[in-house]
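Undergrad: One file is attached below, data-v5.cif, containing mmCIF, C-alpha atoms.
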```
data_structure
#
loop_
_atom_site.label_atom_id
_atom_site.label_comp_id
_atom_site.auth_asym_id
_atom_site.auth_seq_id
_atom_site.Cartn_x
_atom_site.Cartn_y
_atom_site.Cartn_z
CA MET O 1231 -16.92 88.27 -32.55
CA THR O 1232 -13.22 87.67 -31.97
CA ARG O 1233 -10.97 89.62 -29.66
CA HIS O 1234 -7.21 89.97 -29.68
CA ILE O 1235 -5.77 89.39 -26.18
CA PRO O 1236 -1.96 89.68 -26.13
CA GLY O 1237 -0.24 86.93 -24.14
CA LEU O 1238 -3.27 84.64 -24.06
CA HIS O 1239 -1.40 81.77 -25.74
CA ARG O 1240 1.32 81.71 -23.07
CA GLU O 1241 0.90 79.39 -20.12
CA SER O 1242 0.95 81.12 -16.77
CA GLY O 1243 3.12 79.42 -14.17
CA ASN O 1244 3.45 79.70 -10.44
CA GLY O 1245 6.72 81.59 -10.78
CA SER O 1246 9.00 78.64 -10.05
CA ASP O 1247 8.66 77.43 -13.63
CA GLU O 1248 10.23 80.67 -14.84
CA LEU O 1249 13.37 80.64 -12.70
CA GLU O 1250 16.52 80.84 -14.76
CA GLY O 1251 20.11 81.27 -13.78
CA VAL O 1252 22.49 79.73 -11.25
CA PHE O 1253 21.21 78.24 -8.00
CA LEU O 1254 22.55 76.35 -5.01
CA VAL O 1255 20.16 73.42 -4.68
CA ARG O 1256 19.45 70.20 -2.77
CA VAL O 1257 18.02 67.05 -4.36
CA ASP O 1258 14.50 66.58 -2.95
CA ARG O 1259 13.24 63.78 -5.17
CA ALA O 1260 14.65 61.45 -7.79
CA PHE O 1261 12.66 58.98 -9.85
CA TYR O 1262 13.77 56.74 -12.69
CA ARG O 1263 11.35 56.72 -15.60
CA TRP O 1264 11.64 54.00 -18.18
CA HIS O 1265 11.00 54.88 -21.81
CA PRO O 1266 11.74 52.56 -24.75
CA THR O 1267 14.13 55.00 -26.44
CA ARG O 1268 14.89 57.72 -23.87
CA PRO O 1269 14.91 56.61 -20.22
CA PHE O 1270 15.52 59.44 -17.76
CA TYR O 1271 15.72 60.48 -14.13
CA LEU O 1272 13.15 63.00 -13.05
CA LEU O 1273 14.79 65.25 -10.46
CA ARG O 1274 13.30 67.86 -8.18
CA PHE O 1275 15.65 70.32 -6.53
CA ALA O 1276 14.89 72.64 -3.61
CA VAL O 1277 16.51 76.04 -4.10
CA LEU O 1278 18.75 77.01 -1.16
CA GLU O 1279 20.42 80.13 -2.58
CA PRO O 1280 19.97 82.93 -3.61
CA LYS O 1281 17.81 83.69 -0.59
CA GLN O 1282 15.08 85.48 -2.57
CA HIS O 1283 14.33 82.16 -4.32
CA ARG O 1284 14.53 79.92 -1.23
CA GLY O 1285 11.44 77.76 -1.01
CA HIS O 1286 11.09 77.40 -4.78
CA SER O 1287 11.76 74.14 -6.52
CA LEU O 1288 13.09 73.16 -9.93
CA ALA O 1289 12.08 69.94 -11.66
CA GLY O 1290 13.58 68.49 -14.80
CA ARG O 1291 14.98 65.45 -16.55
CA ILE O 1292 18.42 64.00 -16.97
CA TYR O 1293 18.41 61.39 -19.70
CA CYS O 1294 20.14 58.00 -19.41
CA THR O 1295 20.72 57.28 -23.10
CA PRO O 1296 24.28 56.38 -24.15
CA LYS O 1297 24.72 59.83 -25.74
CA ALA O 1298 23.48 61.62 -22.60
CA LEU O 1299 25.38 59.68 -19.94
CA TRP O 1300 28.08 62.37 -19.85
CA ARG O 1301 25.54 64.83 -18.36
CA LEU O 1302 24.34 62.32 -15.76
CA SER O 1303 27.95 61.56 -14.83
CA TRP O 1304 28.71 65.30 -14.57
CA PHE O 1305 25.73 65.79 -12.24
CA LEU O 1306 26.70 62.83 -10.03
CA ARG O 1307 30.35 63.87 -9.80
CA ASP O 1308 29.65 67.53 -8.95
CA PHE O 1309 26.92 66.70 -6.43
CA ALA O 1310 29.34 64.33 -4.61
CA TYR O 1311 27.49 61.09 -5.30
CA ASN O 1312 28.95 57.98 -3.61
CA ASN O 1313 32.12 57.01 -5.52
CA ASP O 1314 31.78 53.30 -4.63
CA LEU O 1315 28.31 53.11 -6.18
CA LEU O 1316 29.42 55.15 -9.17
CA GLY O 1317 32.40 52.85 -9.67
CA ARG O 1318 30.02 49.88 -9.87
CA ASP O 1319 27.74 51.76 -12.33
CA GLU O 1320 24.94 51.78 -9.74
CA LEU O 1321 22.59 54.67 -9.14
CA ASP O 1322 20.57 54.51 -5.91
CA GLU O 1323 17.67 56.97 -5.82
CA LYS O 1324 17.80 57.10 -2.01
CA ALA O 1325 21.51 58.00 -2.12
CA LEU O 1326 20.67 61.00 -4.33
CA LEU O 1327 18.33 62.57 -1.76
CA GLY O 1328 19.92 65.43 0.12
CA LEU O 1329 22.89 65.87 -2.22
CA GLN O 1330 23.75 69.53 -2.75
CA GLY O 1331 25.35 71.37 -5.60
CA ILE O 1332 25.07 74.21 -8.06
CA VAL O 1333 22.90 74.03 -11.15
CA ARG O 1334 22.50 76.45 -14.06
CA VAL O 1335 19.03 76.28 -15.59
CA SER O 1336 17.27 77.72 -18.60
CA HIS O 1337 14.00 77.03 -20.38
CA THR O 1338 13.14 75.94 -23.89
CA VAL O 1339 9.70 76.10 -25.48
CA LEU O 1340 9.05 73.30 -27.95
CA ASN O 1341 5.66 72.73 -29.57
CA GLY O 1342 4.01 74.93 -26.96
CA HIS O 1343 5.52 73.07 -23.99
CA CYS O 1344 8.11 74.62 -21.69
CA PHE O 1345 11.04 72.39 -20.70
CA LEU O 1346 13.68 73.01 -18.05
CA ASN O 1347 17.27 72.57 -19.22
CA PHE O 1348 20.11 71.73 -16.88
CA ASP O 1349 22.90 73.67 -18.58
CA GLY O 1350 25.61 73.00 -16.03
CA PHE O 1351 26.57 71.68 -12.63
CA ALA O 1352 29.23 72.53 -10.06
CA PRO O 1353 30.12 71.43 -6.52
CA ALA O 1354 28.34 73.25 -3.68
CA ASP O 1355 31.72 74.39 -2.31
CA ASP O 1356 32.08 76.69 -5.36
CA TRP O 1357 28.92 78.69 -4.53
CA GLU O 1358 30.87 81.85 -3.57
CA GLU O 1359 32.21 82.05 -7.14
CA PHE O 1360 28.73 81.84 -8.64
CA ALA O 1361 26.68 83.70 -6.02
CA PRO O 1362 25.29 87.07 -7.05
CA SER O 1363 27.02 89.93 -5.26
CA THR O 1364 25.05 91.17 -2.24
CA ASN O 1365 26.21 94.76 -2.78
CA GLN O 1366 24.86 94.96 -6.31
CA GLU O 1367 21.31 94.81 -7.50
CA VAL O 1368 20.47 91.30 -8.70
CA SER O 1369 20.09 91.24 -12.48
CA HIS O 1370 17.72 88.81 -14.10
CA ASP O 1371 19.37 89.16 -17.53
CA LEU O 1372 21.61 86.10 -17.53
#
```
Would you mind writing the file's structure down as structure tokens?
TA:
Amino acid sequence: MTRHIPGLHRESGNGSDELEGVFLVRVDRAFYRWHPTRPFYLLRFAVLEPKQHRGHSLAGRIYCTPKALWRLSWFLRDFAYNNDLLGRDELDEKALLGLQGIVRVSHTVLNGHCFLNFDGFAPADDWEEFAPSTNQEVSHDL
């Protein structure tokens, strides 16, 4: 006997995997992962704002391939990474910890796996421009 159960094929997450939108974040962890064709940095961000999402974390990859270096450079510049190290083409994982900035995230499902996309970055000082209005109801339709 077979039964049809709607939604059974979808993975259930702990809620933090489903966060999408614009967040003020702090870098909690950064690890370089070598791969023969697509090396990447695995980053975990702690959400600082909006307040209803404080305590959640976001984890994703920023690739280090020649075609993807523009995104890594964008992230480093907007999160105020050390200019001296950047000028020498050096990335120190310890220097990344604690950096703050704004990140826009979305999700993509590919072959049944859900991946977090970093769609954009901005300096933390610009948070007031991106912050949801406190007088209006927060909309989750971004």
Undergrad: Can you translate the PyMOL selection byres ((chain O and resi 1250-1254) around 9) into the concrete residues it hits in this file, as a PyMOL selection string?
TA: chain O and resi 1247-1249+1255-1256+1276-1280+1283+1330-1337+1346+1350+1354+1357+1360-1362+1370-1372
Undergrad: Do you have the atom CA of O:Pro1353-atom CA of O:Leu1288 distance handy?
TA: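 So the two atoms, atom CA of O:Pro1353 and atom CA of O:Leu1288, lie 17.5 Å apart.
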Undergrad: With all atoms listed in the file as the atoms that count, which of O:Leu1321, O:Asp1308, O:Val1257, O:Tyr1262 lies nearest to O:Ser1287?
TA: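 Ranking O:Leu1321, O:Asp1308, O:Val1257, O:Tyr1262 by distance to O:Ser1287, first place goes to O:Val1257.
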Undergrad: I need the residue nearest O:Thr1295 from this list: O:Lys1281, O:Arg1318, O:Arg1268, O:Arg1274. Use all atoms listed in the file for the distance.
TA: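 Looking only at the distances to O:Thr1295, the closest residue turns out to be O:Arg1268.
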Undergrad: Report, in Å with one decimal, the straight-line distance from atom CA of O:Ala1298 to atom CA of O:His1286.
TA: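 Between atom CA of O:Ala1298 and atom CA of O:His1286 the gap is 26.8 Å.
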Undergrad: Compile the contact shell of O:Gly1317 as an MDAnalysis selection string: residues with an atom at most 12 Å away, counting all atoms listed in the file, same-chain residues fewer than 3 positions apart removed.
TA: chainID O and resid 1303 1306:1307 1311:1314 1320:1321
Undergrad: When distances are computed from all atoms listed in the file, which of O:Ala1289, O:Leu1329, O:Ala1260, O:Leu1299 shows the smallest separation from O:Phe1345?
TA: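 Using all atoms listed in the file, O:Phe1345 sits closest to O:Ala1289.
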Undergrad: Between atom CA of O:Asp1258 and atom CA of O:Gly1342, what is the distance in Å, rounded to a tenth?
TA: 27.5 Å
Undergrad: Within 9 Å of (22.8, 64.1, -12.4) (file coordinates; only C-alpha atoms), which protein or nucleic acid residues are there? I'd like them as a list in words.
TA: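 In the file's frame, the residues around the point are Tyr1271, Leu1273, Arg1291, Ile1292, Tyr1293, Arg1301, Leu1302, Ser1303, Trp1304, Phe1305, Leu1306, Arg1307, Asp1308, Phe1309, Leu1326 and Phe1351 of chain O.
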